[in-house]
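**Student:** Quick one: the structure is below, and I'll ask about it shortly.
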Amino acid sequence: MKVLVAEPMSPAAIEKLKAQPGWDIVVSNPKEYASHLADCDALLVRSAVKVKPDVLAQAPRLKVIGRAGVGVDNVDLPAATAAGVLVMNTPGGNAVSVAEHTIALMLAMARSVPQASASTKSGKWEKKSLIGHELRGKTLGILGLGSIGREVVLRARAFEMRIIAHDPYVSPQVASDLNVELVDLSALYAQSDYITLHMALTPETRNFLSRDAFAAMKPGVRIVNCARGELIDLEALREAIESKHVAGAALDVFVPEPPPPGFPLFALNEVIATPHIGGSTEEAQEIVGIRIVEQLIEYLTSGVVINAVNMPALSPEQYKALGPYIDLADRLGQFASYVAAENPRSVRMVYYGKVADYDTKLLRNAGLAGVLKRSLDIKPNLVNAMQIASERGLSVAERHEKRSGHMDSIAVEVETEAGLTTVEGAVVLDRPRLLQVDGIYCEAPLAGHLTFMKNQDVPGVIGHVGTVLGRNKINIANFSLGRQDPPPGDGHLIALALVETDETVPEAVLAQLRENPAVKLARTVEFL
């Protein structure tokens, strides 16, 4: 396992990586890391390295990208997802540092700290012109009550501020526990003396503070942004400050970064600027570095996904419960792709028993990846299966059957031009096993070298199989049989056979099996 550390990380984080037996740890830097991409399995970055399609193309073995921090703007998520590369971050790791910087910027505006420092150092003593105001009694409007927003609440409370917030994804109970009043945007704008942003960047939040937003704000409001530069229309902010409607702004983030020479906002005395250092404390660097390394180790050693940003994640407890079923779903999907005739048009996952009570997104992805593996050059996995299916127009659905008394099992239904194929399986003694195919019970392990056969239920077929394989010196490890329940009336029934052998049965031998007129289908099944 080769892990490439492309940017500075805390020594403690590096030591955790080096403690993993058999791992090759390469510590590099943003200028030289690319020369190590060809054979790396994991890539650790902060914010300087831009992981774009050209970088991903140089890393064919890459499984996971770890971002030591919250934002993943420097990682092309669609490209990483298409390549099947998991991307994870460390939300909340620098929450205290960013919250403290937010309060520091509010205090700096309230007391004109940068201006007072510059004036005093230049030999002036401007006590009268630098009269400030207290934070006590002022109203703080918080846009976004995530981990950072909540830490801001705790610190602003010490200054005896009135705190209101807007966050459509936070429940009233959470706000109540924080003693924060949830309000709509118009109320927040109208009442706030300070507004601080702690929102994620999405298409809906880009330029969230626009000309209309500034116009709706209380005159004399001050703005703090330690989140994302794209959240504010910076030209609209400049106009609002020049018109005196906004009394000041303290910005730690910009578009672009760093801002170019002659950046208009920097000409305004009412603007305080810092170079995206909200999360840059020794403590935060230590925390996010150690956290991302711990998440990386957990994923690469046990498959547990924590804080993923391009696939559903499970807690260690959830993974312990669902992990065997993820493997089962993948193997059922692979099996179905061999049994079904022609390419799939739709895939439906059906969950029975206690499995149906879980969040089944990863089970869906696993089953879908299994179905797709056989027919694609791109390797589908838990990360990119849904994207690949969407690109190919493949319909995907799920059904949860919570019937009491039904054993815990998963079925994969694959529809092609030729019809519907259904395979069902369960986890038995922690191993995936097939239970039935198209309603015909046939229990067998979903592992090893299998040959699937469908034939008329007539005498001589089993003997024929043994004779052909024996003649070709292929040893049978396991032989499972199943047959249709008798329908009313006459006619031959359909029987199934799953033959596990010590090696793959070649096509030439399969052709010999099909020479028996009762044998309608004989195919190998190999698990990738």
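Within each chain, counting starts at residue 1; across the structure tokens, chains are named A, B, ... in the order shown, with ligands numbered 1 upward in that order.
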Got a sec: who's within 6 Å of Thr196 (chain A), counting only C-alpha atoms, leaving out chain neighbours fewer than 2 positions off, as a short mmCIF file (atom, residue, chain, number, x, y, z; two decimals) with N, CA and C atoms, in the first residue's frame?
**Tutor:**
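Saved as around16.cif:
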```cif
data_model
loop_
_atom_site.label_atom_id
_atom_site.label_comp_id
_atom_site.auth_asym_id
_atom_site.auth_seq_id
_atom_site.Cartn_x
_atom_site.Cartn_y
_atom_site.Cartn_z
N ILE A 142 -26.35 34.55 12.24
CA ILE A 142 -25.48 33.48 11.75
C ILE A 142 -26.17 32.76 10.61
N ILE A 223 -20.20 42.68 8.06
CA ILE A 223 -20.19 41.33 7.48
C ILE A 223 -18.89 40.63 7.81
N VAL A 224 -18.98 39.34 8.19
CA VAL A 224 -17.80 38.50 8.40
C VAL A 224 -17.94 37.27 7.52
N ASN A 225 -16.88 36.94 6.76
CA ASN A 225 -16.91 35.73 5.94
C ASN A 225 -15.62 34.95 6.11
#
```
**Student:** Could you go through region 271-386 of chain A and tell me which residues DSSP, when run on the backbone, assigns to strand (DSSP E or B), listing them as a PDB file with N, CA and C atoms, in the first residue's frame?
**Tutor:**
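The resulting file, out-v1.pdb, is shown below:
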```
ATOM      1  N   VAL A 271     -12.672  47.678   5.149  1.00  0.00           N
ATOM      2  CA  VAL A 271     -12.499  46.239   4.908  1.00  0.00           C
ATOM      3  C   VAL A 271     -11.249  45.737   5.620  1.00  0.00           C
ATOM      4  N   ILE A 272     -11.417  44.679   6.410  1.00  0.00           N
ATOM      5  CA  ILE A 272     -10.297  43.960   7.024  1.00  0.00           C
ATOM      6  C   ILE A 272     -10.119  42.661   6.250  1.00  0.00           C
ATOM      7  N   ALA A 273      -8.895  42.337   5.890  1.00  0.00           N
ATOM      8  CA  ALA A 273      -8.632  41.148   5.079  1.00  0.00           C
ATOM      9  C   ALA A 273      -7.545  40.289   5.726  1.00  0.00           C
ATOM     10  N   ALA A 308     -17.123  10.666   3.899  1.00  0.00           N
ATOM     11  CA  ALA A 308     -16.989  10.677   2.445  1.00  0.00           C
ATOM     12  C   ALA A 308     -17.836  11.801   1.871  1.00  0.00           C
ATOM     13  N   SER A 346     -32.350  -2.369 -16.865  1.00  0.00           N
ATOM     14  CA  SER A 346     -32.690  -1.869 -15.545  1.00  0.00           C
ATOM     15  C   SER A 346     -32.217  -2.857 -14.489  1.00  0.00           C
ATOM     16  N   VAL A 347     -31.957  -2.330 -13.301  1.00  0.00           N
ATOM     17  CA  VAL A 347     -31.544  -3.145 -12.158  1.00  0.00           C
ATOM     18  C   VAL A 347     -32.393  -2.728 -10.964  1.00  0.00           C
ATOM     19  N   ARG A 348     -32.929  -3.717 -10.270  1.00  0.00           N
ATOM     20  CA  ARG A 348     -33.675  -3.420  -9.053  1.00  0.00           C
ATOM     21  C   ARG A 348     -33.128  -4.271  -7.918  1.00  0.00           C
ATOM     22  N   MET A 349     -32.859  -3.610  -6.792  1.00  0.00           N
ATOM     23  CA  MET A 349     -32.408  -4.299  -5.594  1.00  0.00           C
ATOM     24  C   MET A 349     -33.599  -4.455  -4.654  1.00  0.00           C
ATOM     25  N   VAL A 350     -33.756  -5.657  -4.107  1.00  0.00           N
ATOM     26  CA  VAL A 350     -34.844  -5.933  -3.178  1.00  0.00           C
ATOM     27  C   VAL A 350     -34.232  -6.448  -1.880  1.00  0.00           C
ATOM     28  N   TYR A 351     -34.645  -5.851  -0.751  1.00  0.00           N
ATOM     29  CA  TYR A 351     -34.083  -6.199   0.549  1.00  0.00           C
ATOM     30  C   TYR A 351     -35.162  -6.817   1.423  1.00  0.00           C
ATOM     31  N   TYR A 352     -34.836  -7.933   2.064  1.00  0.00           N
ATOM     32  CA  TYR A 352     -35.781  -8.654   2.896  1.00  0.00           C
ATOM     33  C   TYR A 352     -35.268  -8.735   4.333  1.00  0.00           C
TER      34      TYR A 352
END
```
**Student:** Leu86 (chain A): which residues within 9 Å, counting only C-alpha atoms, same-chain residues fewer than 2 positions away excluded, as a list in words?
**Tutor:**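 So the residues in contact are Leu62, Lys63, Val64, Ile65, Gly66, Ala80, Thr81, Ala83, Gly84, Met88, Val305, Ala308, Val309, Asn310, Met311, Leu382, Val383 and Asn384 of chain A.
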**Student:** Rank A:Gly220, A:Gly482, A:Pro78, A:Pro256 by their smallest atom-to-atom distance to Gln387 (chain A), using only C-alpha atoms, and report the top residue only.
**Tutor:**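 When distances to Gln387 (chain A) are compared using only C-alpha atoms, the smallest one comes from A:Pro78.
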**Student:** Would you list the contacts of region 42-50 of chain A as a PyMOL selection string, taking every protein, DNA or RNA residue within 8 Å and counting only C-alpha atoms, but skipping same-chain residues closer than 6 positions in sequence?
**Tutor:** chain A and resi 2-8+30+62-69+72+74-75
**Student:** Could those selected residues go to a file with C-alpha atoms, as a short mmCIF file (atom, residue, chain, number, x, y, z; two decimals), in the first residue's frame?
**Tutor:**
```
data_model
loop_
_atom_site.label_atom_id
_atom_site.label_comp_id
_atom_site.auth_asym_id
_atom_site.auth_seq_id
_atom_site.Cartn_x
_atom_site.Cartn_y
_atom_site.Cartn_z
CA LYS A 2 1.53 3.30 -1.09
CA VAL A 3 0.30 6.54 0.50
CA LEU A 4 1.41 9.85 -1.03
CA VAL A 5 1.39 12.85 1.30
CA ALA A 6 1.38 15.77 -1.12
CA GLU A 7 1.30 18.64 1.38
CA PRO A 8 2.66 19.34 4.88
CA PRO A 30 2.87 20.42 -4.04
CA LEU A 62 -5.65 5.51 -6.73
CA LYS A 63 -8.42 4.39 -4.36
CA VAL A 64 -8.91 7.31 -2.02
CA ILE A 65 -8.15 11.02 -1.66
CA GLY A 66 -8.02 12.42 1.86
CA ARG A 67 -8.53 16.17 2.29
CA ALA A 68 -7.18 17.44 5.62
CA GLY A 69 -9.83 20.11 6.08
CA VAL A 72 -12.98 20.05 -1.22
CA ASN A 74 -9.49 21.72 -4.89
CA VAL A 75 -10.73 18.23 -5.80
#
```
**Student:** Could you list, as an mmCIF file with N, CA and C atoms, in the first residue's frame, every residue within 9 Å of Ile440 (chain A), counting only C-alpha atoms and ignoring same-chain residues fewer than 4 positions away?
**Tutor:**
```
data_model
loop_
_atom_site.group_PDB
_atom_site.id
_atom_site.type_symbol
_atom_site.label_atom_id
_atom_site.label_comp_id
_atom_site.auth_asym_id
_atom_site.auth_seq_id
_atom_site.Cartn_x
_atom_site.Cartn_y
_atom_site.Cartn_z
ATOM 1 N N LEU A 435 -29.126 -18.304 -2.906
ATOM 2 C CA LEU A 435 -30.289 -19.061 -2.452
ATOM 3 C C LEU A 435 -31.150 -19.548 -3.603
ATOM 4 N N GLN A 436 -31.391 -18.681 -4.590
ATOM 5 C CA GLN A 436 -32.245 -19.089 -5.698
ATOM 6 C C GLN A 436 -31.996 -18.242 -6.935
ATOM 7 N N GLY A 482 -30.936 -27.660 -8.265
ATOM 8 C CA GLY A 482 -32.267 -27.171 -7.936
ATOM 9 C C GLY A 482 -33.168 -27.390 -9.134
ATOM 10 N N ARG A 483 -34.487 -27.519 -8.861
ATOM 11 C CA ARG A 483 -35.396 -27.696 -9.990
ATOM 12 C C ARG A 483 -36.738 -27.059 -9.710
ATOM 13 N N GLN A 484 -37.439 -26.787 -10.796
ATOM 14 C CA GLN A 484 -38.748 -26.155 -10.738
ATOM 15 C C GLN A 484 -39.740 -27.003 -9.956
ATOM 16 N N ASP A 485 -40.652 -26.307 -9.268
ATOM 17 C CA ASP A 485 -41.777 -27.038 -8.691
ATOM 18 C C ASP A 485 -42.668 -27.509 -9.834
ATOM 19 N N ILE A 494 -37.668 -27.324 -15.572
ATOM 20 C CA ILE A 494 -36.338 -26.747 -15.698
ATOM 21 C C ILE A 494 -35.544 -27.041 -14.430
ATOM 22 N N ALA A 495 -34.302 -27.425 -14.600
ATOM 23 C CA ALA A 495 -33.410 -27.673 -13.469
ATOM 24 C C ALA A 495 -32.190 -26.770 -13.592
ATOM 25 N N LEU A 496 -31.593 -26.457 -12.453
ATOM 26 C CA LEU A 496 -30.389 -25.636 -12.406
ATOM 27 C C LEU A 496 -29.260 -26.431 -11.772
#
```
